[in-house]
Amino acid sequence: MPHFTVVPVEDNHTSNYDSLEGINWVDYRDTGQGSRDHNDTVSSDGHGQHKENSPFLNSADTANGNDYYDKNLALFEEELDIRPKVSSLLNRLVNYTNITQGAKEHEEAESAEGSKKKIPKAPSMGTLMGVYLPCLQNIFGVILFLRMTWIVGTAGIMQSLLIVLICCCCTMLTAISMSAIATNGVVPAGGAYFMISRSLGPEFGGAVGLCFYLGTTFAAAMYILGAIEILLKYIVPQAAIFHSSDVNDMDSTMLNNMRVYGTLFLSFMAVVVFVGVKYVNKFASLFLACVIISILSIYAGAIKSIFDPPEFPICMLGNRTLSRDLFDICAKTVVENNVTVASKLWENFCSTANMTMETCDEYFTHNNVTEIQGIPGLARGIIRDNLWASYMEKGEILEKPGLPSEDVHGSLGNLYLYVSSDIATSFTVLVGIFFPSVTGIMAGSNRSGDLKDAQKSIPVGTILAIITTSLVYFSSVVLFGACLEGVVLRDKFGDAVKKTLVVGTLSWPSPWVIVIGSFFSTCGAGLQSLTGAPRLLQAIAKDNIIPFLRVFGHGKANGEPTWALLLTGLIAELGILIASLDMVAPILSMFFLMCYLFVNLACAVQTLLRTPNWRPRFKYYHWALSFLGMSLCLALMFISSWYYALVAMVIAGMIYKYIEYQGAEKEWGDGIRGLSLSAARYALLRLEAGPPHTKNWRPQLLVLLKLDEDLHVKYPRLLTFASQLKAGKGLTIVGSVIQGNYLETFGEAQASEQAIKNMMEIEKVKGFCQVIVANKVRDGIAHLIQSCGLGGMKHNTVVMGWPYGWRQSEDPQAWKTFINTIRCTTAAHLALMVPKNVSFYPSNHERFTEGHVDVWWIVHDGGMLMLLPFLLKQHKVWRKCKMRIFTVAQMDDNSIQMKKDLAMFLYQLRIEAEVEVVEMHNSDISAYTYERTLMMEQRSQMLRQMRLSSAERDREAQLVKDRHSLIRMGSLYSDEEEEVVESVPEKIQMTWTKDKYDAERKNRHNAPQNFRELISIKPDQSNVRRMHTAVKLNEVIVNRSHDAKLVLLNMPGPPRNSDGDENYMEFLEVLTEGLERVLLVRGGGREVITIYS
């Protein structure tokens, strides 16, 4: 281990920085007097500098002049206001580990009031008291005492060992995964819920947390039903309220008694929990002692049975087992006063005390009554008869193979005299009933805050508890099979042994040891479940990921979850009303298995992703073990009850989707997010293989937005249109450009990005936002077009707005930026969409009940015009609109054949649309066209001369421009020149020279001449032809589509020579005049739609 020596260094020289004006030396040493506000936010220091209120900084010593520390760290003086020094950080971390269980949530720090409270005691519980014994108490339960012998008798020793092995392996593998998660940091209140939610995210955490809660709640119902069964069947049977007159209808009567007493017990336990949990905790050790004493009495009885087996004779009629509580002597006749008379058994089967056989049951008359030993003992070799399974149907009579029996049926009315099966049994049913016996392994992780060393105690204590309970279960299976007769084992309620608890027949010194012990232990387990379940629900509610559970986060002044306890009691009452232990057990098995499955999944995901924060102290884990545990859990769910498994998974899925739909605003660094990143990386690398096939092509949008001076989206309907076109599918990137220097305007960029994100959320646009800062707007747009997206996930279509008011603007940059963007998209082989009059486009709340979407297909541009209306019609706004496709035929085209071909083409494309072919005859150029072209060119010439005459003044104004001019917000099509020019005063002091004076006089002399040239200008013939096309097409389109809800139109490309850019804008204006909603579309140079499947 390296040896370090700390040597104090004295500063003998006064720092030159001390004399600098404006530097306030601050001592950031933590005096321990400050407290941290858990709502730390980013604040401003008044100079636009944003700084974070750090909980590790304390400026209490500023006035004391203790600045030696800062002098030693002068190099970092500009960072100390946002980054704590190491000593302060370590001090906070050390204090953090002393927070007691449930006192604070993991992400919350101590509040200002908390510093005034008493300092909590340090956790002091060790492995034995904190983990091992609580786990033992939670694992051992009612199934061991009430159903274990029945499971062994029904499934046989071999299959019973297999059931125990599968269930114990499942919990052992889960415990290994849980130990890894629990030792990867501190686990506060919530236990399993906390681990899963922080590992797999709020959606999985909420779903599995509620499943765990429901499992714990139904466990309380199961324990209460077990306690009632012990009470009414073995302790005070005469306490039953309902009695059946029909001896064959005893089961339903018993269920009603269970419901009444169960409700009373549940109410009493809920009151105890409400009054004070301290009473439950005080009796916990007593309940644990009952469990341990009961188990020890079984082992003692098994050892005693070797040399002195207890007397529990079983009465058999032929090979059928008789219910012993209806008679006392196992014989057909008895001798009284030297006279042979009918026994009680004879009277039951013959319905008379006379010694006549006429009215007797046929089976009774043909078979003899024998008596066998119910507990032969460990040394009698009975284990050979109990090795194999003996599954039965409901109502089937318990029979002992090997005893002589006449094969006659007998009367159905006497079935109550025999011991019969109350439910149909199979291997899968027994698995579902037994699994609750191995649950309870989370008890240690739930108490992690009370442990002295949770990182060590949780794995050791939990795994030792599972090993201990597994050994008890394995040995119990063998002991029960080796000591008890098979018919006694299969007798669930002890009818053959005079209504004695079957496991109690083996116990020493008395069956009452187990009866009383199991009663108190099940009552204690029920109280523990009623105590734990509301706290789990409260932890989920306080995380605020499921809004409708918010009310259950509140409770009494001391934090007791009153409302959660009430809900827990109501849900547990549902389990009580089921009233059958064998039906409730599989329900809670499902919920616990679901929880264990996700614990294993969490560990496996974290291990495979190799998350940097995944550093468990428990090293004996592996992703393969976690996957094996997860597979076992899933298999057990469907083995035990496939329909319960489906219900549990549907419940978990609904909760998951609900939390996802509500948008859980939690970021816990969970594994699912890491998994998403890995999957995204893998998918992006796969996409790099090549461009998508035409069948997979869909518009991946880059929406270019304009922001106003207040950083608000100027045309939000662009986003509305994007959401209607995409319907949540594919990629959408929303971009904007801010003009200026990034170092000076990054704050505005962040604010703009947030404003765009808010608008995206309002308009339901699912995508990404990117705001960049550039010196020139058109350069920023070019950067967005080039660099947005990642790998194969890049945009293929650009959506931008129309530059409204370009004619009235003196500055040509508005439309120049627009045309430059068109050229950039063409160069990048991207498709382009320009919604004109976008303010008239429908919102997401509007519905078109009728109308047409018209497509004017003038030139083939890859099929974009066909695909876009189809995609729009998928949205509810456009769904009821019909599609019409118009194409233009020239004089030499066969318009009839064109219509047929187009209809066939659309049929092969599987697109439903009306087809019309519009014939455009050659006509002379109209005077209107000529005049429109002339006006366009005169305007262009006039503006060009105005800009030339003002150039000299602009150069003079540039000299007096303040070099710190205000940064103005840029936009995509705004009126900025390449450089930011501050507004110039009306009067400018100019320095005149003789050359300048002569030039000015010449300009004034030439002004009339320039005007005469403007009047005499003749339009260019190519412009006249283009204007003629625009006017004619516009006439046809307006004539046919004036009432259309949307018109889609091929967008002509810009001229190759930039001198004609302004004319190009005029052509587009003429082309779209008189149309309410127009979508100009320009393809990207590739086919986007295909007729092939």
# chains A, B, ... in the order shown; residues from 1 in each chain; ligands from 1
>>> select_by_dssp(residues="region 179-295 of chain A", states="helix (DSSP H, G or I)", output="NGL selection string")
:A and (179-182 or 192-200 or 202-235 or 237-239 or 247-275 or 277-295)
>>> residues_around(residues="Tyr742 (chain A)", least_positions_apart="2", cutoff="9 Å", atoms="only C-alpha atoms", output="ChimeraX atom specification")
/A:738-740,744-747,749,772-775
>>> write_last_selection(atoms="C-alpha atoms", output="PDB file, in the first residue's frame")
ATOM      1  CA  ILE A 738     -29.633  31.765 -34.133  1.00  0.00           C
ATOM      2  CA  GLN A 739     -27.347  34.381 -35.602  1.00  0.00           C
ATOM      3  CA  GLY A 740     -24.372  35.370 -33.517  1.00  0.00           C
ATOM      4  CA  GLU A 744     -22.085  34.858 -26.218  1.00  0.00           C
ATOM      5  CA  THR A 745     -25.482  33.437 -27.154  1.00  0.00           C
ATOM      6  CA  PHE A 746     -25.461  29.866 -25.807  1.00  0.00           C
ATOM      7  CA  GLY A 747     -28.073  30.933 -23.216  1.00  0.00           C
ATOM      8  CA  ALA A 749     -29.766  28.832 -27.811  1.00  0.00           C
ATOM      9  CA  ILE A 772     -27.318  25.941 -33.681  1.00  0.00           C
ATOM     10  CA  VAL A 773     -25.619  29.321 -33.516  1.00  0.00           C
ATOM     11  CA  ALA A 774     -23.916  30.613 -36.662  1.00  0.00           C
ATOM     12  CA  ASN A 775     -22.524  33.920 -37.873  1.00  0.00           C
TER      13      ASN A 775
END
>>> residues_around(residues="Asn367 (chain A)", least_positions_apart="6", cutoff="12 Å", atoms="only C-alpha atoms", output="list in words")
Met316, Leu317, Gly318, Asn319, Arg320, Ala331, Lys332, Cys360, Asp361, Leu403, Pro404, Ser405, Glu406, Asp407, Val408, His409 and Gly410 of chain A
>>> write_last_selection(atoms="N, CA, C and O atoms", output="tab-separated table (two decimals), in the first residue's frame")
chain	number	residue	atom	x	y	z
A	316	MET	N	-59.67	-48.74	7.77
A	316	MET	CA	-59.80	-48.96	6.34
A	316	MET	C	-60.99	-49.90	6.09
A	316	MET	O	-61.15	-50.92	6.79
A	317	LEU	N	-61.80	-49.58	5.12
A	317	LEU	CA	-62.86	-50.47	4.65
A	317	LEU	C	-62.42	-50.97	3.28
A	317	LEU	O	-62.44	-50.21	2.31
A	318	GLY	N	-62.02	-52.19	3.20
A	318	GLY	CA	-61.35	-52.68	2.00
A	318	GLY	C	-60.03	-51.94	1.86
A	318	GLY	O	-59.17	-51.99	2.74
A	319	ASN	N	-59.86	-51.24	0.75
A	319	ASN	CA	-58.65	-50.42	0.61
A	319	ASN	C	-58.99	-48.92	0.69
A	319	ASN	O	-58.17	-48.08	0.38
A	320	ARG	N	-60.21	-48.59	1.14
A	320	ARG	CA	-60.63	-47.20	1.24
A	320	ARG	C	-60.44	-46.68	2.66
A	320	ARG	O	-60.66	-47.39	3.64
A	331	ALA	N	-64.70	-51.26	13.62
A	331	ALA	CA	-65.20	-52.64	13.45
A	331	ALA	C	-66.65	-52.56	13.03
A	331	ALA	O	-67.35	-51.58	13.31
A	332	LYS	N	-67.12	-53.65	12.34
A	332	LYS	CA	-68.52	-53.68	11.92
A	332	LYS	C	-69.44	-53.97	13.11
A	332	LYS	O	-70.55	-53.46	13.18
A	360	CYS	N	-77.78	-52.39	3.87
A	360	CYS	CA	-76.38	-51.96	3.97
A	360	CYS	C	-75.82	-51.57	2.60
A	360	CYS	O	-76.27	-52.05	1.55
A	361	ASP	N	-74.80	-50.75	2.65
A	361	ASP	CA	-74.05	-50.35	1.46
A	361	ASP	C	-73.37	-51.57	0.85
A	361	ASP	O	-72.82	-52.40	1.56
A	403	LEU	N	-54.07	-53.49	-0.16
A	403	LEU	CA	-55.08	-54.06	0.72
A	403	LEU	C	-56.15	-54.75	-0.12
A	403	LEU	O	-56.53	-54.24	-1.18
A	404	PRO	N	-56.68	-55.90	0.35
A	404	PRO	CA	-57.71	-56.61	-0.41
A	404	PRO	C	-58.99	-55.80	-0.47
A	404	PRO	O	-59.40	-55.18	0.50
A	405	SER	N	-59.61	-55.81	-1.68
A	405	SER	CA	-60.83	-55.02	-1.86
A	405	SER	C	-61.65	-55.61	-2.98
A	405	SER	O	-61.11	-55.97	-4.03
A	406	GLU	N	-62.97	-55.72	-2.75
A	406	GLU	CA	-63.90	-56.14	-3.79
A	406	GLU	C	-64.26	-54.93	-4.65
A	406	GLU	O	-64.56	-53.86	-4.13
A	407	ASP	N	-64.23	-55.10	-5.94
A	407	ASP	CA	-64.43	-53.98	-6.86
A	407	ASP	C	-65.92	-53.73	-7.09
A	407	ASP	O	-66.48	-54.05	-8.13
A	408	VAL	N	-66.56	-53.16	-6.09
A	408	VAL	CA	-67.94	-52.73	-6.23
A	408	VAL	C	-68.01	-51.26	-5.81
A	408	VAL	O	-67.22	-50.79	-5.00
A	409	HIS	N	-68.97	-50.53	-6.38
A	409	HIS	CA	-69.00	-49.07	-6.19
A	409	HIS	C	-69.56	-48.64	-4.85
A	409	HIS	O	-69.03	-47.78	-4.17
A	410	GLY	N	-70.65	-49.18	-4.45
A	410	GLY	CA	-71.28	-48.71	-3.23
A	410	GLY	C	-72.14	-47.49	-3.48
A	410	GLY	O	-72.20	-46.94	-4.58
>>> residues_around(residues="region 380-383 of chain A", least_positions_apart="5", cutoff="10 Å", atoms="only C-alpha atoms", output="PyMOL selection string")
chain A and resi 156-157+305-306+309+375+388+478-486
>>> write_last_selection(atoms="all heavy atoms", output="compact mmCIF listing (two decimals), in the first residue's frame")
# COMPACT_ATOMS: atom_id res chain seq x y z
N GLY A 156 -45.57 -37.68 -4.16
CA GLY A 156 -44.52 -38.65 -3.90
C GLY A 156 -43.22 -37.96 -3.52
O GLY A 156 -43.04 -36.76 -3.76
N ILE A 157 -42.33 -38.71 -2.91
CA ILE A 157 -41.08 -38.11 -2.43
C ILE A 157 -40.25 -37.56 -3.59
O ILE A 157 -39.71 -36.45 -3.52
CB ILE A 157 -40.27 -39.14 -1.62
CG1 ILE A 157 -41.02 -39.50 -0.33
CG2 ILE A 157 -38.88 -38.61 -1.29
CD1 ILE A 157 -40.37 -40.60 0.47
N SER A 305 -39.96 -41.57 16.49
CA SER A 305 -40.72 -42.62 15.80
C SER A 305 -39.87 -43.82 15.42
O SER A 305 -40.41 -44.87 15.06
CB SER A 305 -41.37 -42.03 14.54
OG SER A 305 -40.39 -41.76 13.55
N ILE A 306 -38.55 -43.70 15.52
CA ILE A 306 -37.69 -44.85 15.19
C ILE A 306 -37.93 -45.98 16.19
O ILE A 306 -38.06 -47.14 15.81
CB ILE A 306 -36.21 -44.41 15.19
CG1 ILE A 306 -35.97 -43.34 14.10
CG2 ILE A 306 -35.29 -45.61 14.99
CD1 ILE A 306 -34.58 -42.75 14.13
N PRO A 309 -43.01 -45.23 17.79
CA PRO A 309 -43.91 -44.43 16.96
C PRO A 309 -45.20 -44.14 17.69
O PRO A 309 -45.71 -44.97 18.44
CB PRO A 309 -44.15 -45.32 15.74
CG PRO A 309 -43.83 -46.70 16.20
CD PRO A 309 -42.78 -46.58 17.25
N ILE A 375 -48.73 -43.97 11.59
CA ILE A 375 -47.33 -43.53 11.63
C ILE A 375 -46.47 -44.75 11.94
O ILE A 375 -46.17 -45.04 13.12
CB ILE A 375 -47.11 -42.43 12.69
CG1 ILE A 375 -48.09 -41.27 12.43
CG2 ILE A 375 -45.68 -41.92 12.65
CD1 ILE A 375 -47.99 -40.15 13.40
N TRP A 388 -43.47 -42.54 -5.13
CA TRP A 388 -44.04 -42.10 -6.41
C TRP A 388 -45.37 -41.39 -6.22
O TRP A 388 -46.01 -41.51 -5.19
CB TRP A 388 -44.20 -43.30 -7.35
CG TRP A 388 -42.93 -44.08 -7.44
CD1 TRP A 388 -42.70 -45.34 -6.97
CD2 TRP A 388 -41.68 -43.62 -7.98
NE1 TRP A 388 -41.40 -45.71 -7.18
CE2 TRP A 388 -40.74 -44.67 -7.81
CE3 TRP A 388 -41.25 -42.43 -8.59
CZ2 TRP A 388 -39.42 -44.58 -8.23
CZ3 TRP A 388 -39.93 -42.34 -9.00
CH2 TRP A 388 -39.04 -43.39 -8.83
N VAL A 478 -38.38 -35.87 2.97
CA VAL A 478 -37.90 -37.24 3.22
C VAL A 478 -38.48 -37.78 4.52
O VAL A 478 -38.93 -38.94 4.58
CB VAL A 478 -36.36 -37.24 3.25
CG1 VAL A 478 -35.85 -38.65 3.61
CG2 VAL A 478 -35.80 -36.82 1.90
N LEU A 479 -38.48 -36.98 5.58
CA LEU A 479 -39.00 -37.44 6.87
C LEU A 479 -40.48 -37.77 6.80
O LEU A 479 -40.92 -38.80 7.31
CB LEU A 479 -38.76 -36.38 7.95
CG LEU A 479 -37.31 -36.23 8.44
CD1 LEU A 479 -37.23 -35.11 9.46
CD2 LEU A 479 -36.82 -37.53 9.05
N PHE A 480 -41.27 -36.90 6.16
CA PHE A 480 -42.70 -37.18 6.06
C PHE A 480 -42.95 -38.46 5.26
O PHE A 480 -43.79 -39.28 5.62
CB PHE A 480 -43.44 -36.01 5.40
CG PHE A 480 -43.46 -34.75 6.22
CD1 PHE A 480 -43.59 -33.49 5.63
CD2 PHE A 480 -43.35 -34.81 7.61
CE1 PHE A 480 -43.61 -32.35 6.39
CE2 PHE A 480 -43.38 -33.66 8.38
CZ PHE A 480 -43.50 -32.43 7.76
N GLY A 481 -42.21 -38.62 4.17
CA GLY A 481 -42.38 -39.82 3.36
C GLY A 481 -41.91 -41.07 4.04
O GLY A 481 -42.41 -42.17 3.75
N ALA A 482 -40.95 -40.94 4.95
CA ALA A 482 -40.38 -42.12 5.62
C ALA A 482 -41.12 -42.48 6.90
O ALA A 482 -40.97 -43.60 7.40
CB ALA A 482 -38.90 -41.87 5.92
N CYS A 483 -41.90 -41.56 7.46
CA CYS A 483 -42.54 -41.81 8.75
C CYS A 483 -44.04 -42.04 8.64
O CYS A 483 -44.62 -42.78 9.46
CB CYS A 483 -42.30 -40.63 9.70
SG CYS A 483 -40.58 -40.40 10.17
N LEU A 484 -44.73 -41.40 7.69
CA LEU A 484 -46.18 -41.41 7.66
C LEU A 484 -46.71 -42.34 6.57
O LEU A 484 -46.12 -42.46 5.50
CB LEU A 484 -46.72 -40.00 7.43
CG LEU A 484 -46.38 -38.95 8.50
CD1 LEU A 484 -46.82 -37.58 8.05
CD2 LEU A 484 -47.02 -39.30 9.81
N GLU A 485 -47.82 -42.96 6.87
CA GLU A 485 -48.51 -43.80 5.90
C GLU A 485 -49.02 -42.93 4.74
O GLU A 485 -49.41 -41.78 4.93
CB GLU A 485 -49.68 -44.50 6.60
CG GLU A 485 -50.55 -45.35 5.70
CD GLU A 485 -49.79 -46.48 5.05
OE1 GLU A 485 -49.11 -47.23 5.77
OE2 GLU A 485 -49.86 -46.58 3.81
N GLY A 486 -49.05 -43.48 3.52
CA GLY A 486 -49.42 -42.72 2.32
C GLY A 486 -50.81 -42.13 2.40
O GLY A 486 -51.02 -40.97 2.00
>>> residues_around(residues="Phe140 (chain A)", least_positions_apart="5", cutoff="9 Å", atoms="only C-alpha atoms", output="list in words")
Cys135, Val291, Ser437, Val438, Thr439, Gly440, Thr469 and Ser521 of chain A
>>> write_last_selection(atoms="N, CA, C and O atoms", output="PDB file, in the first residue's frame")
ATOM      1  N   CYS A 135     -35.428 -13.140   7.385  1.00  0.00           N
ATOM      2  CA  CYS A 135     -35.673 -13.956   6.193  1.00  0.00           C
ATOM      3  C   CYS A 135     -36.263 -15.312   6.578  1.00  0.00           C
ATOM      4  O   CYS A 135     -37.195 -15.792   5.929  1.00  0.00           O
ATOM      5  N   VAL A 291     -42.250 -20.551  15.257  1.00  0.00           N
ATOM      6  CA  VAL A 291     -41.878 -21.275  14.041  1.00  0.00           C
ATOM      7  C   VAL A 291     -40.744 -22.256  14.329  1.00  0.00           C
ATOM      8  O   VAL A 291     -40.801 -23.441  13.954  1.00  0.00           O
ATOM      9  N   SER A 437     -44.059 -20.943  -0.029  1.00  0.00           N
ATOM     10  CA  SER A 437     -43.192 -21.375   1.062  1.00  0.00           C
ATOM     11  C   SER A 437     -41.765 -20.890   0.917  1.00  0.00           C
ATOM     12  O   SER A 437     -41.006 -20.927   1.887  1.00  0.00           O
ATOM     13  N   VAL A 438     -41.372 -20.484  -0.301  1.00  0.00           N
ATOM     14  CA  VAL A 438     -39.982 -20.052  -0.491  1.00  0.00           C
ATOM     15  C   VAL A 438     -39.888 -18.544  -0.691  1.00  0.00           C
ATOM     16  O   VAL A 438     -38.794 -18.017  -0.880  1.00  0.00           O
ATOM     17  N   THR A 439     -41.020 -17.835  -0.678  1.00  0.00           N
ATOM     18  CA  THR A 439     -40.959 -16.376  -0.798  1.00  0.00           C
ATOM     19  C   THR A 439     -40.548 -15.773   0.538  1.00  0.00           C
ATOM     20  O   THR A 439     -40.560 -16.429   1.561  1.00  0.00           O
ATOM     21  N   GLY A 440     -40.222 -14.500   0.502  1.00  0.00           N
ATOM     22  CA  GLY A 440     -39.793 -13.822   1.725  1.00  0.00           C
ATOM     23  C   GLY A 440     -38.317 -13.525   1.749  1.00  0.00           C
ATOM     24  O   GLY A 440     -37.767 -13.101   2.769  1.00  0.00           O
ATOM     25  N   THR A 469     -33.546 -22.858   4.920  1.00  0.00           N
ATOM     26  CA  THR A 469     -34.936 -23.252   4.653  1.00  0.00           C
ATOM     27  C   THR A 469     -35.000 -24.370   3.617  1.00  0.00           C
ATOM     28  O   THR A 469     -35.845 -25.266   3.713  1.00  0.00           O
ATOM     29  N   SER A 521     -47.594 -18.407  14.507  1.00  0.00           N
ATOM     30  CA  SER A 521     -46.641 -18.014  13.461  1.00  0.00           C
ATOM     31  C   SER A 521     -47.379 -17.469  12.235  1.00  0.00           C
ATOM     32  O   SER A 521     -46.939 -16.488  11.622  1.00  0.00           O
TER      33      SER A 521
END
>>> residues_around(residues="Phe638 (chain A)", least_positions_apart="6", cutoff="10 Å", atoms="only C-alpha atoms", output="list in words")
Thr428, Gly432, Met590, Tyr644, Ala645 and Leu646 of chain A
>>> atom_distance(atom1="CA of Val1024 (chain A)", atom2="CA of Met920 (chain A)")
17.5 Å
>>> closest_residue(among="A:Asn820, A:Gln890, A:Gln606, A:Ser507", to="Ile303 (chain A)", atoms="only C-alpha atoms")
A:Ser507
>>> closest_residue(among="A:Leu871, A:Ala180, A:Ile545, A:Ile143", to="Gln455 (chain A)", atoms="only C-alpha atoms")
A:Ala180
>>> select_by_dssp(residues="region 92-337 of chain A", states="strand (DSSP E)", output="JSON, numbers by chain")
{"A": [313, 314, 315, 316, 317, 320, 321, 333, 334, 335, 336]}
>>> write_last_selection(atoms="all heavy atoms", output="mmCIF file, in the first residue's frame")
data_model
loop_
_atom_site.group_PDB
_atom_site.id
_atom_site.type_symbol
_atom_site.label_atom_id
_atom_site.label_comp_id
_atom_site.auth_asym_id
_atom_site.auth_seq_id
_atom_site.Cartn_x
_atom_site.Cartn_y
_atom_site.Cartn_z
ATOM 1 N N PRO A 313 -54.030 -45.011 14.767
ATOM 2 C CA PRO A 313 -54.551 -46.057 13.875
ATOM 3 C C PRO A 313 -55.479 -45.471 12.811
ATOM 4 O O PRO A 313 -56.242 -44.533 13.063
ATOM 5 C CB PRO A 313 -55.301 -46.986 14.822
ATOM 6 C CG PRO A 313 -55.677 -46.123 15.977
ATOM 7 C CD PRO A 313 -54.596 -45.091 16.115
ATOM 8 N N ILE A 314 -55.425 -46.055 11.621
ATOM 9 C CA ILE A 314 -56.248 -45.641 10.489
ATOM 10 C C ILE A 314 -57.228 -46.769 10.191
ATOM 11 O O ILE A 314 -56.831 -47.936 10.070
ATOM 12 C CB ILE A 314 -55.392 -45.361 9.237
ATOM 13 C CG1 ILE A 314 -54.248 -44.403 9.579
ATOM 14 C CG2 ILE A 314 -56.250 -44.794 8.117
ATOM 15 C CD1 ILE A 314 -54.685 -43.068 10.053
ATOM 16 N N CYS A 315 -58.504 -46.435 10.081
ATOM 17 C CA CYS A 315 -59.535 -47.433 9.811
ATOM 18 C C CYS A 315 -59.771 -47.530 8.312
ATOM 19 O O CYS A 315 -60.047 -46.514 7.672
ATOM 20 C CB CYS A 315 -60.824 -47.068 10.542
ATOM 21 S SG CYS A 315 -62.048 -48.385 10.538
ATOM 22 N N MET A 316 -59.666 -48.738 7.771
ATOM 23 C CA MET A 316 -59.804 -48.964 6.337
ATOM 24 C C MET A 316 -60.985 -49.895 6.093
ATOM 25 O O MET A 316 -61.148 -50.915 6.789
ATOM 26 C CB MET A 316 -58.534 -49.594 5.753
ATOM 27 C CG MET A 316 -57.247 -48.864 6.080
ATOM 28 S SD MET A 316 -57.111 -47.237 5.303
ATOM 29 C CE MET A 316 -57.051 -47.712 3.592
ATOM 30 N N LEU A 317 -61.798 -49.579 5.119
ATOM 31 C CA LEU A 317 -62.860 -50.472 4.652
ATOM 32 C C LEU A 317 -62.421 -50.965 3.280
ATOM 33 O O LEU A 317 -62.444 -50.210 2.310
ATOM 34 C CB LEU A 317 -64.192 -49.744 4.565
ATOM 35 C CG LEU A 317 -65.380 -50.559 4.020
ATOM 36 C CD1 LEU A 317 -65.665 -51.781 4.910
ATOM 37 C CD2 LEU A 317 -66.621 -49.694 3.907
ATOM 38 N N ARG A 320 -60.212 -48.591 1.137
ATOM 39 C CA ARG A 320 -60.634 -47.198 1.240
ATOM 40 C C ARG A 320 -60.438 -46.682 2.665
ATOM 41 O O ARG A 320 -60.665 -47.393 3.637
ATOM 42 C CB ARG A 320 -62.114 -47.067 0.843
ATOM 43 C CG ARG A 320 -62.390 -47.434 -0.612
ATOM 44 C CD ARG A 320 -63.856 -47.269 -0.942
ATOM 45 N NE ARG A 320 -64.144 -47.585 -2.350
ATOM 46 C CZ ARG A 320 -65.338 -47.537 -2.893
ATOM 47 N NH1 ARG A 320 -66.400 -47.184 -2.143
ATOM 48 N NH2 ARG A 320 -65.520 -47.844 -4.168
ATOM 49 N N THR A 321 -60.063 -45.405 2.722
ATOM 50 C CA THR A 321 -59.802 -44.785 4.017
ATOM 51 C C THR A 321 -61.085 -44.168 4.554
ATOM 52 O O THR A 321 -61.788 -43.428 3.850
ATOM 53 C CB THR A 321 -58.733 -43.683 3.869
ATOM 54 O OG1 THR A 321 -57.600 -44.210 3.174
ATOM 55 C CG2 THR A 321 -58.299 -43.168 5.222
ATOM 56 N N THR A 333 -68.968 -54.849 14.023
ATOM 57 C CA THR A 333 -69.770 -55.209 15.192
ATOM 58 C C THR A 333 -68.927 -55.096 16.436
ATOM 59 O O THR A 333 -67.695 -55.142 16.365
ATOM 60 C CB THR A 333 -70.289 -56.647 15.068
ATOM 61 O OG1 THR A 333 -69.166 -57.547 14.955
ATOM 62 C CG2 THR A 333 -71.209 -56.802 13.871
ATOM 63 N N VAL A 334 -69.609 -54.941 17.558
ATOM 64 C CA VAL A 334 -68.925 -54.898 18.855
ATOM 65 C C VAL A 334 -69.660 -55.823 19.809
ATOM 66 O O VAL A 334 -70.848 -56.132 19.621
ATOM 67 C CB VAL A 334 -68.894 -53.456 19.416
ATOM 68 C CG1 VAL A 334 -68.006 -52.571 18.574
ATOM 69 C CG2 VAL A 334 -70.293 -52.879 19.533
ATOM 70 N N VAL A 335 -68.953 -56.274 20.822
ATOM 71 C CA VAL A 335 -69.552 -57.185 21.835
ATOM 72 C C VAL A 335 -69.856 -56.368 23.070
ATOM 73 O O VAL A 335 -68.960 -55.775 23.677
ATOM 74 C CB VAL A 335 -68.612 -58.344 22.159
ATOM 75 C CG1 VAL A 335 -69.223 -59.230 23.231
ATOM 76 C CG2 VAL A 335 -68.307 -59.145 20.904
ATOM 77 N N GLU A 336 -71.110 -56.302 23.422
ATOM 78 C CA GLU A 336 -71.544 -55.623 24.641
ATOM 79 C C GLU A 336 -72.339 -56.610 25.494
ATOM 80 O O GLU A 336 -73.364 -57.150 25.043
ATOM 81 C CB GLU A 336 -72.417 -54.412 24.303
ATOM 82 C CG GLU A 336 -71.670 -53.295 23.595
ATOM 83 C CD GLU A 336 -72.574 -52.109 23.321
ATOM 84 O OE1 GLU A 336 -73.752 -52.178 23.691
ATOM 85 O OE2 GLU A 336 -72.086 -51.114 22.739
#
